[in-house]
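Everything below concerns the one structure shown next.
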Amino acid sequence: MFDTEQQQVITTLDGAMLVTASAGSGKTGVLTERIRTLVQERTGKILALTFTNKAADEMKERLNIPNLEERVFIGTIHSFCLDVLHSRIHVLGFTTMPHIFELEQDRLSIVRQVLEDNPLLQRFFLGKSEKEQQKLLRNCLDLISEQKRLLRVPQSDEIQAMSEERQILFREYEAILTSQNAMDYDDIVLNTHRIFTERPSIAELYRRIYRYICVDEAQDLNYAQYQLVRALCSNEHKNVLMVGDINQSLYGFNGSKPKYMTEDFKRDFHAAEIRLTRNYRSSQKIVQAANSLIPNAMKDVAIALEGEFTVVSCEDEKTEAEWVRRTIQDLLQQKTHADIQGEITYESFAVLARNRYVLNHITEQLQKHEIPFHYKHGNALSTFDSDLIQAFDLGTRVLINPLDRIHAKRLCEILGVNIDSVDIQQSRSGLDVLHSFGRGILPENIYAGLHRAWKILEKHQTDIPSALAVLKDNVQNNRTMLNGNMVETSVQQEYAAIEADICSWKTLWEKYCRSSSQEQRSLQHFRTVLALGQVSLHEEQQDGVALGTVHAFKGLAAEIVFVIGMNEGIFPDYRAIKKGGQALAEERNSLFVAFTRARRILYVSYPRHRFMPWNKEMSMAQEKSSLLEVFSEQIHEITEHECC
């Protein structure tokens, strides 16, 4: 079942080990089997860290061991850190667990507040155009995130050496978080690292609990995450396994670098290295194509199935989408293929693109021809479309954190009231704060229903079903909705959006209840789980052709894969072209990942012309992606006539 190298990973249980595993080399199966062997042959708990909840769930499903959580923690680095913070945050001077401001929108709001309020920083911000302000906000947030990913706090020497303006930005951003009893997403790893380094006895306790550590997708570690593992292990713990593939490193924008796995880990832990280079997933043609992108990325072994690899040039995006749709229909009609085991179904197909908007035309084609499909969403957070449920959602944040001015301000914007009229004080309860808002633009009966729902949660935080039932009944009885001047069509649309959002809230809560114990459940814990993406609305519907970005499809595979929109400036992305260097290398890695999602058949396509948002009448000529230069002789041209 396992080859020699794979068996060595599974059975070598003690000491530090680096496993460099190429795409399709059975990495997940080997890692899972090694954890199973540890459970059977060793005492103590095992810490298995992943980068996505999807990977953690797959590992748990494969292990299928009764009472698994008693022996193994399988989850993302952030979920492990939150476990530590919930029980140890007091050592950093916090009296209660801070609330997490996970959304970029929240963090940008704090940066804006700093720039607007500080006299020294105002001159850089006020008076600028909206576009210039947005650029400055993002640059400032990037600066703060970068420093936190380097484990720097306001007192750090590196921060003290910055310009006065940057020091003020960093300090006042942190002060606003503290004043609202909050921390941002980067603080989750930063504060856990602080606990392990400032209180070595706590790190020692966790070392005694977790005798073996496994880190999956280790090529995606950034500095803070790698140093967290080092702080946990100190110089004593050597039973650490890291698994990864440098050719699948995609997250340089988050500070990740393969060197933390390939260089630092080998040096700091004196890790032995095992290479898994045989591809057990893809056919010959696909392996050859992937190796053309990144030479020798996968070992050239005798793969029984030849498979197919085709590069197609289409007249425009519409022609490209029609060609994809027609090819899907043709293969479905054939029902079988020499290289594919079993019958070809809708679920045999995946259509991937660098960015989500590139999939718009294929979505239209699939809808038009009634071909079922679904989107792969990765770890995207759930959001709501209707103002009423957005208001309810924001209100739950204020209920559990009365000092939360960021979300209180957003709630004011929805309700149409002035934030300065809201009474936010240390001594007030969340419900008291919400009562101080006033109903704003909401009809009185709708506002009363919203407050009845919040009041239920103030008394019983886990009685979400009753709160949602109150909202639903209230809306059904008051069809005027949020604006009494709405025409009937708008009323119906808003009503439909509210009903869908209530259903979404209910689904999220039900999924949370299934994955948490009765003792854990609270509104704050629910929001924490949502922040980590451990519960989301995505992946409910799995039928049909899978559509998604390459990032969202990482770790998955399909028999037949289409990679569309391969134009210069789209794949590779124009921003990566501008940056060059590592950013451009990651675009090549992304295409390598896209290629190796295919098991048997791989189609790659690009339009020669594209309609731009500012001109729908005349298409513009497009360049073929520079990443396809190695396949220039294999390109087949498809005309609009051939697609009809």
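By order in the structure tokens, chains are A, B, ...; within a chain, residues start at 1; ligands start at 1, following the order shown.
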
Checklist entry - Please, which residues of range 179-416 of chain A, numbered as in this document, come out helix (DSSP H, G or I) from DSSP, as a ChimeraX atom specification? => result /A:179,185-198,200-209,218-220,223-233,246-248,252-254,259-269,284-293,317-334,346-348,356-368,387-400,405-415

Checklist entry - Which residues, written as a ChimeraX atom specification, have at least one atom at most 8 Å from Gly307 in chain A, with only C-alpha atoms counted and residues fewer than 6 positions away on the same chain left out? => result /A:283-286,339,600-601

Residues from last step as file, N, CA and C atoms, as a JSON list (two decimals), in the first residue's frame:
[["chain", "number", "residue", "atom", "x", "y", "z"],
["A", 283, "SER", "N", -2.20, 11.57, -14.28],
["A", 283, "SER", "CA", -1.76, 10.78, -15.43],
["A", 283, "SER", "C", -0.43, 11.30, -15.97],
["A", 284, "GLN", "N", 0.15, 10.56, -16.92],
["A", 284, "GLN", "CA", 1.46, 10.90, -17.49],
["A", 284, "GLN", "C", 1.48, 12.31, -18.06],
["A", 285, "LYS", "N", 0.49, 12.64, -18.89],
["A", 285, "LYS", "CA", 0.47, 13.93, -19.57],
["A", 285, "LYS", "C", 0.43, 15.09, -18.58],
["A", 286, "ILE", "N", -0.32, 14.91, -17.49],
["A", 286, "ILE", "CA", -0.44, 15.99, -16.50],
["A", 286, "ILE", "C", 0.87, 16.15, -15.73],
["A", 339, "ASP", "N", -9.23, 6.48, -19.62],
["A", 339, "ASP", "CA", -8.36, 6.78, -18.49],
["A", 339, "ASP", "C", -9.12, 7.03, -17.19],
["A", 600, "ARG", "N", -6.80, 12.97, -14.37],
["A", 600, "ARG", "CA", -6.71, 12.27, -15.66],
["A", 600, "ARG", "C", -6.65, 13.20, -16.87],
["A", 601, "ILE", "N", -7.48, 14.23, -16.90],
["A", 601, "ILE", "CA", -7.57, 15.09, -18.08],
["A", 601, "ILE", "C", -7.44, 16.55, -17.64]]

Next on the checklist: Using only C-alpha atoms, which protein or nucleic acid residues come within 6 Å of Val561 in chain A? Drop anything in the same chain fewer than 6 positions from it, and give the result as a list in words.
Outcome noted: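 Selected residues are Phe349, Ala350, Val351, Ala598 and Leu602 of chain A.
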
Item to check | Within 8 Å of range 239-242 of chain A using only C-alpha atoms, minus same-chain residues under 5 positions, as JSON, numbers by chain | outcome: {"A": [13, 14, 15, 16, 17, 18, 19, 211, 212, 213, 214, 215, 216, 217, 218, 261]}

Once you have the residues from the selection above, write them out as a PDB file, in the first residue's frame, restricted to N, CA and C atoms.
ATOM      1  N   LEU A  13       8.970   7.324  14.310  1.00  0.00           N
ATOM      2  CA  LEU A  13       8.098   8.114  15.179  1.00  0.00           C
ATOM      3  C   LEU A  13       8.842   9.120  16.050  1.00  0.00           C
ATOM      4  N   ASP A  14      10.087   8.867  16.358  1.00  0.00           N
ATOM      5  CA  ASP A  14      10.827   9.736  17.275  1.00  0.00           C
ATOM      6  C   ASP A  14      11.849  10.578  16.524  1.00  0.00           C
ATOM      7  N   GLY A  15      12.074  11.793  17.038  1.00  0.00           N
ATOM      8  CA  GLY A  15      13.035  12.695  16.425  1.00  0.00           C
ATOM      9  C   GLY A  15      12.371  13.638  15.441  1.00  0.00           C
ATOM     10  N   ALA A  16      13.138  14.635  14.994  1.00  0.00           N
ATOM     11  CA  ALA A  16      12.619  15.643  14.061  1.00  0.00           C
ATOM     12  C   ALA A  16      12.767  15.159  12.628  1.00  0.00           C
ATOM     13  N   MET A  17      11.730  15.411  11.819  1.00  0.00           N
ATOM     14  CA  MET A  17      11.744  14.949  10.434  1.00  0.00           C
ATOM     15  C   MET A  17      11.087  15.973   9.528  1.00  0.00           C
ATOM     16  N   LEU A  18      11.750  16.261   8.406  1.00  0.00           N
ATOM     17  CA  LEU A  18      11.189  17.102   7.361  1.00  0.00           C
ATOM     18  C   LEU A  18      10.805  16.206   6.190  1.00  0.00           C
ATOM     19  N   VAL A  19       9.544  16.271   5.786  1.00  0.00           N
ATOM     20  CA  VAL A  19       9.073  15.502   4.638  1.00  0.00           C
ATOM     21  C   VAL A  19       8.726  16.490   3.526  1.00  0.00           C
ATOM     22  N   ARG A 211       3.204  15.183  23.173  1.00  0.00           N
ATOM     23  CA  ARG A 211       4.506  14.524  23.035  1.00  0.00           C
ATOM     24  C   ARG A 211       4.986  14.501  21.590  1.00  0.00           C
ATOM     25  N   TYR A 212       4.042  14.624  20.658  1.00  0.00           N
ATOM     26  CA  TYR A 212       4.391  14.575  19.228  1.00  0.00           C
ATOM     27  C   TYR A 212       3.659  15.704  18.503  1.00  0.00           C
ATOM     28  N   ILE A 213       4.379  16.376  17.601  1.00  0.00           N
ATOM     29  CA  ILE A 213       3.819  17.510  16.862  1.00  0.00           C
ATOM     30  C   ILE A 213       3.979  17.260  15.369  1.00  0.00           C
ATOM     31  N   CYS A 214       2.912  17.481  14.611  1.00  0.00           N
ATOM     32  CA  CYS A 214       2.956  17.372  13.152  1.00  0.00           C
ATOM     33  C   CYS A 214       2.441  18.680  12.552  1.00  0.00           C
ATOM     34  N   VAL A 215       3.167  19.225  11.587  1.00  0.00           N
ATOM     35  CA  VAL A 215       2.754  20.465  10.919  1.00  0.00           C
ATOM     36  C   VAL A 215       2.575  20.174   9.435  1.00  0.00           C
ATOM     37  N   ASP A 216       1.342  20.290   8.961  1.00  0.00           N
ATOM     38  CA  ASP A 216       1.037  20.050   7.547  1.00  0.00           C
ATOM     39  C   ASP A 216       1.181  21.350   6.759  1.00  0.00           C
ATOM     40  N   GLU A 217       1.448  21.227   5.438  1.00  0.00           N
ATOM     41  CA  GLU A 217       1.605  22.399   4.558  1.00  0.00           C
ATOM     42  C   GLU A 217       2.611  23.389   5.143  1.00  0.00           C
ATOM     43  N   ALA A 218       3.726  22.868   5.626  1.00  0.00           N
ATOM     44  CA  ALA A 218       4.695  23.702   6.350  1.00  0.00           C
ATOM     45  C   ALA A 218       5.385  24.729   5.452  1.00  0.00           C
ATOM     46  N   MET A 261      10.670  26.083   6.624  1.00  0.00           N
ATOM     47  CA  MET A 261      10.597  24.628   6.625  1.00  0.00           C
ATOM     48  C   MET A 261      11.912  24.012   6.157  1.00  0.00           C
TER      49      MET A 261
END

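With CA of Phe592 in chain A on one side and CA of Val535 in chain A on the other, the separation reads 29.4 Å.
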
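DSSP, applied to the backbone of this structure, assigns strand (DSSP E or B) to the following residues of range 140-262 of chain A: Ala182, Met183, Asp184, Tyr210, Arg211, Tyr212, Ile213, Cys214, Val215, Asn222, Val240, Leu241, Met242, Val243, Gly244 and Ser256 of chain A.
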
For the residues in the current selection, export all heavy atoms as a short mmCIF file (atom, residue, chain, number, x, y, z; two decimals), in the first residue's frame.
data_model
loop_
_atom_site.label_atom_id
_atom_site.label_comp_id
_atom_site.auth_asym_id
_atom_site.auth_seq_id
_atom_site.Cartn_x
_atom_site.Cartn_y
_atom_site.Cartn_z
N ALA A 182 -10.39 44.03 22.75
CA ALA A 182 -10.33 43.28 21.50
C ALA A 182 -8.89 43.02 21.09
O ALA A 182 -7.95 43.66 21.59
CB ALA A 182 -11.06 44.05 20.40
N MET A 183 -8.73 42.07 20.19
CA MET A 183 -7.45 41.86 19.52
C MET A 183 -7.75 41.52 18.06
O MET A 183 -8.86 41.07 17.73
CB MET A 183 -6.63 40.76 20.19
CG MET A 183 -7.24 39.38 20.19
SD MET A 183 -6.19 38.20 21.09
CE MET A 183 -7.12 36.68 20.87
N ASP A 184 -6.78 41.75 17.18
CA ASP A 184 -7.03 41.43 15.78
C ASP A 184 -6.50 40.05 15.46
O ASP A 184 -5.94 39.35 16.32
CB ASP A 184 -6.48 42.51 14.85
CG ASP A 184 -4.96 42.59 14.84
OD1 ASP A 184 -4.29 41.64 15.27
OD2 ASP A 184 -4.43 43.63 14.38
N TYR A 210 1.55 17.46 24.81
CA TYR A 210 1.71 17.05 23.41
C TYR A 210 3.11 16.49 23.18
O TYR A 210 4.07 17.23 22.99
CB TYR A 210 1.43 18.23 22.47
CG TYR A 210 0.00 18.72 22.55
CD1 TYR A 210 -0.31 19.93 23.17
CD2 TYR A 210 -1.04 17.96 22.01
CE1 TYR A 210 -1.63 20.37 23.24
CE2 TYR A 210 -2.36 18.39 22.09
CZ TYR A 210 -2.64 19.59 22.70
OH TYR A 210 -3.94 20.03 22.78
N ARG A 211 3.20 15.18 23.17
CA ARG A 211 4.51 14.52 23.04
C ARG A 211 4.99 14.50 21.59
O ARG A 211 6.18 14.35 21.32
CB ARG A 211 4.39 13.09 23.56
CG ARG A 211 3.94 12.98 25.02
CD ARG A 211 5.03 13.42 25.96
NE ARG A 211 6.22 12.60 25.80
CZ ARG A 211 6.37 11.39 26.34
NH1 ARG A 211 5.41 10.88 27.11
NH2 ARG A 211 7.47 10.70 26.15
N TYR A 212 4.04 14.62 20.66
CA TYR A 212 4.39 14.57 19.23
C TYR A 212 3.66 15.70 18.50
O TYR A 212 2.48 15.96 18.76
CB TYR A 212 4.02 13.22 18.62
CG TYR A 212 4.82 12.09 19.20
CD1 TYR A 212 4.39 11.44 20.36
CD2 TYR A 212 6.02 11.69 18.62
CE1 TYR A 212 5.14 10.42 20.93
CE2 TYR A 212 6.78 10.66 19.19
CZ TYR A 212 6.34 10.04 20.34
OH TYR A 212 7.09 9.04 20.90
N ILE A 213 4.38 16.38 17.60
CA ILE A 213 3.82 17.51 16.86
C ILE A 213 3.98 17.26 15.37
O ILE A 213 5.06 16.86 14.91
CB ILE A 213 4.52 18.83 17.25
CG1 ILE A 213 4.33 19.11 18.75
CG2 ILE A 213 3.99 20.00 16.42
CD1 ILE A 213 5.14 20.29 19.25
N CYS A 214 2.91 17.48 14.61
CA CYS A 214 2.96 17.37 13.15
C CYS A 214 2.44 18.68 12.55
O CYS A 214 1.39 19.18 12.97
CB CYS A 214 2.08 16.22 12.66
SG CYS A 214 2.48 14.61 13.35
N VAL A 215 3.17 19.23 11.59
CA VAL A 215 2.75 20.46 10.92
C VAL A 215 2.58 20.17 9.44
O VAL A 215 3.54 19.83 8.74
CB VAL A 215 3.78 21.60 11.11
CG1 VAL A 215 3.29 22.88 10.46
CG2 VAL A 215 4.06 21.83 12.59
N ASN A 222 4.74 31.31 8.24
CA ASN A 222 5.42 32.60 8.27
C ASN A 222 6.28 32.67 9.54
O ASN A 222 6.32 31.71 10.33
CB ASN A 222 4.45 33.78 8.17
CG ASN A 222 3.46 33.86 9.32
OD1 ASN A 222 3.72 33.39 10.42
ND2 ASN A 222 2.31 34.48 9.07
N VAL A 240 9.11 16.35 16.23
CA VAL A 240 8.36 17.27 15.37
C VAL A 240 8.50 16.83 13.92
O VAL A 240 9.61 16.61 13.44
CB VAL A 240 8.86 18.72 15.53
CG1 VAL A 240 8.04 19.66 14.65
CG2 VAL A 240 8.80 19.15 16.99
N LEU A 241 7.38 16.73 13.25
CA LEU A 241 7.34 16.41 11.82
C LEU A 241 6.78 17.60 11.07
O LEU A 241 5.73 18.14 11.44
CB LEU A 241 6.46 15.19 11.56
CG LEU A 241 6.17 14.87 10.10
CD1 LEU A 241 7.36 14.16 9.47
CD2 LEU A 241 4.92 14.01 9.96
N MET A 242 7.47 18.04 10.03
CA MET A 242 6.94 19.06 9.14
C MET A 242 6.83 18.48 7.74
O MET A 242 7.77 17.84 7.25
CB MET A 242 7.82 20.32 9.13
CG MET A 242 7.70 21.14 10.39
SD MET A 242 8.32 22.82 10.18
CE MET A 242 8.02 23.49 11.82
N VAL A 243 5.68 18.71 7.10
CA VAL A 243 5.41 18.19 5.76
C VAL A 243 5.04 19.35 4.86
O VAL A 243 4.23 20.20 5.23
CB VAL A 243 4.24 17.19 5.78
CG1 VAL A 243 4.07 16.55 4.41
CG2 VAL A 243 4.44 16.13 6.83
N GLY A 244 5.62 19.39 3.67
CA GLY A 244 5.26 20.46 2.75
C GLY A 244 5.87 20.29 1.38
O GLY A 244 6.67 19.38 1.14
N SER A 256 4.62 34.25 4.47
CA SER A 256 5.11 32.87 4.49
C SER A 256 6.31 32.71 3.55
O SER A 256 6.40 33.36 2.51
CB SER A 256 3.99 31.90 4.08
OG SER A 256 3.72 32.01 2.70
#

Checklist entry - Distance CA of Arg267 in chain A-CA of Gly26 in chain A, one decimal place? => result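 These atoms are spaced 26.0 Å apart.
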
Please report as JSON lines every residue of range 48-166 of chain A lying within 9 Å of range 34-44 of chain A, along with the nearest atom pair and their distance in Å (one decimal), using only C-alpha atoms.
{"residue": "A:Ala48", "atom": "CA", "partner": "A:Ile35", "partner_atom": "CA", "distance": 8.3}
{"residue": "A:Leu63", "atom": "CA", "partner": "A:Arg36", "partner_atom": "CA", "distance": 6.7}
{"residue": "A:Ile65", "atom": "CA", "partner": "A:Arg36", "partner_atom": "CA", "distance": 8.4}
{"residue": "A:Arg71", "atom": "CA", "partner": "A:Val39", "partner_atom": "CA", "distance": 6.9}
{"residue": "A:Val72", "atom": "CA", "partner": "A:Val39", "partner_atom": "CA", "distance": 8.0}

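When only C-alpha atoms are used to compute distances to Ala621 in chain A, the closest of the residues A:Ser25, A:Val324, A:Cys513, A:Asp316 turns out to be A:Asp316.
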
Checklist outcome for this item: Nearest to Thr363 in chain A, restricted to only C-alpha atoms and choosing among A:Arg610, A:Arg397, A:Tyr375, A:Ile100, comes out as A:Tyr375

Checklist outcome for this item: One residue among A:His369, A:Lys45, A:Arg527, A:Arg326 is nearest to Pro98 in chain A when using only C-alpha atoms, and that residue is A:Arg527

Next on the checklist: For a quick check of understanding, using only C-alpha atoms, which of A:Leu177, A:Val311, A:Ala21, A:Val84 has the smallest distance to Ile195 in chain A?
Outcome noted: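 Smallest distance to Ile195 in chain A is found for A:Val84.
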
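Residues with any atom within 12 Å of Glu33 in chain A, counting only C-alpha atoms and excluding same-chain neighbours fewer than 6 positions away, are Met1, Phe2, Gln6, Gln7, Gln8, Val9, Ile10, Thr11, Thr12, Leu13, Gly26, Lys27, Val39, Gln40, Met59, Lys60, Arg62, Leu63, Asn64 and Ile65 of chain A.
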
Give me the residues near range 51-54 of chain A as a short mmCIF file (atom, residue, chain, number, x, y, z; two decimals) with all heavy atoms, in the first residue's frame, where near means some atom within 8 Å (using only C-alpha atoms) and where sequence neighbours in that chain fewer than 2 positions away do not count.
data_model
loop_
_atom_site.label_atom_id
_atom_site.label_comp_id
_atom_site.auth_asym_id
_atom_site.auth_seq_id
_atom_site.Cartn_x
_atom_site.Cartn_y
_atom_site.Cartn_z
N LEU A 49 -1.14 20.23 13.36
CA LEU A 49 -1.49 21.59 12.94
C LEU A 49 -1.63 21.67 11.43
O LEU A 49 -0.76 21.20 10.69
CB LEU A 49 -0.42 22.58 13.41
CG LEU A 49 -0.21 22.64 14.93
CD1 LEU A 49 0.94 23.58 15.27
CD2 LEU A 49 -1.48 23.07 15.65
N ALA A 56 -8.07 19.87 8.13
CA ALA A 56 -8.26 19.25 9.45
C ALA A 56 -9.44 18.29 9.43
O ALA A 56 -9.37 17.17 9.96
CB ALA A 56 -8.48 20.34 10.50
N ASP A 57 -10.55 18.71 8.81
CA ASP A 57 -11.73 17.86 8.75
C ASP A 57 -11.45 16.58 7.96
O ASP A 57 -11.91 15.49 8.33
CB ASP A 57 -12.90 18.61 8.11
CG ASP A 57 -13.41 19.74 9.00
OD1 ASP A 57 -13.12 19.71 10.21
OD2 ASP A 57 -14.09 20.64 8.48
N GLU A 58 -10.70 16.72 6.85
CA GLU A 58 -10.38 15.54 6.04
C GLU A 58 -9.53 14.55 6.83
O GLU A 58 -9.74 13.34 6.78
CB GLU A 58 -9.64 15.96 4.76
CG GLU A 58 -9.30 14.78 3.86
CD GLU A 58 -8.49 15.18 2.63
OE1 GLU A 58 -8.30 16.39 2.40
OE2 GLU A 58 -8.05 14.27 1.91
N GLY A 75 -6.24 20.63 14.07
CA GLY A 75 -6.87 21.91 13.76
C GLY A 75 -5.87 22.89 13.22
O GLY A 75 -4.67 22.60 13.10
N THR A 76 -6.33 24.07 12.88
CA THR A 76 -5.45 25.10 12.36
C THR A 76 -4.56 25.65 13.48
O THR A 76 -4.85 25.50 14.66
CB THR A 76 -6.25 26.27 11.75
OG1 THR A 76 -7.01 26.89 12.79
CG2 THR A 76 -7.19 25.77 10.65
N ILE A 77 -3.48 26.31 13.08
CA ILE A 77 -2.59 26.94 14.04
C ILE A 77 -3.36 27.96 14.88
O ILE A 77 -3.19 28.04 16.10
CB ILE A 77 -1.40 27.61 13.31
CG1 ILE A 77 -0.50 26.54 12.69
CG2 ILE A 77 -0.61 28.50 14.26
CD1 ILE A 77 0.62 27.09 11.83
N ASP A 216 1.34 20.29 8.96
CA ASP A 216 1.04 20.05 7.55
C ASP A 216 1.18 21.35 6.76
O ASP A 216 1.06 22.45 7.32
CB ASP A 216 -0.40 19.52 7.44
CG ASP A 216 -0.71 18.97 6.06
OD1 ASP A 216 0.23 18.71 5.28
OD2 ASP A 216 -1.91 18.79 5.74
N GLU A 217 1.45 21.23 5.44
CA GLU A 217 1.61 22.40 4.56
C GLU A 217 2.61 23.39 5.14
O GLU A 217 2.40 24.62 5.15
CB GLU A 217 0.25 23.10 4.34
CG GLU A 217 -0.82 22.21 3.76
CD GLU A 217 -0.63 21.86 2.29
OE1 GLU A 217 0.40 22.28 1.71
OE2 GLU A 217 -1.48 21.16 1.73
N ASP A 220 3.93 26.92 4.03
CA ASP A 220 3.15 28.15 4.21
C ASP A 220 3.37 28.82 5.57
O ASP A 220 2.68 29.79 5.90
CB ASP A 220 1.66 27.86 4.02
CG ASP A 220 1.33 27.52 2.58
OD1 ASP A 220 2.00 28.06 1.68
OD2 ASP A 220 0.41 26.71 2.34
N GLY A 378 -13.13 27.89 -0.11
CA GLY A 378 -12.01 27.99 0.82
C GLY A 378 -12.50 28.32 2.22
O GLY A 378 -13.48 27.77 2.69
N ASN A 379 -11.84 29.28 2.87
CA ASN A 379 -12.18 29.62 4.26
C ASN A 379 -12.88 30.97 4.37
O ASN A 379 -12.82 31.62 5.39
CB ASN A 379 -10.92 29.65 5.13
CG ASN A 379 -10.55 28.26 5.57
OD1 ASN A 379 -11.31 27.34 5.46
ND2 ASN A 379 -9.33 28.11 6.04
N GLY A 533 -13.35 30.51 10.91
CA GLY A 533 -13.83 29.77 9.75
C GLY A 533 -14.12 28.32 10.02
O GLY A 533 -14.26 27.51 9.10
N GLN A 534 -14.21 27.94 11.32
CA GLN A 534 -14.47 26.54 11.65
C GLN A 534 -15.92 26.16 11.38
O GLN A 534 -16.25 24.99 11.25
CB GLN A 534 -14.13 26.29 13.12
CG GLN A 534 -12.64 26.39 13.40
CD GLN A 534 -12.32 26.28 14.88
OE1 GLN A 534 -13.12 26.68 15.73
NE2 GLN A 534 -11.16 25.75 15.20
#

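Computed from the coordinates, the CA of Asn296 in chain A to CA of Asp268 in chain A distance equals 27.7 Å.
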
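Excluding range 578-585 of chain A itself and same-chain residues fewer than 2 positions from it, the residues having an atom within 10 Å of it are Asn247, Ser249, Leu250, Tyr251, Gly252, Phe253, Lys257, Gly569, Phe571, Pro572, Asp573, Tyr574, Arg575, Ala576, Glu587, Arg588, Asn589, Ser590 and Leu627 of chain A, counting only C-alpha atoms.
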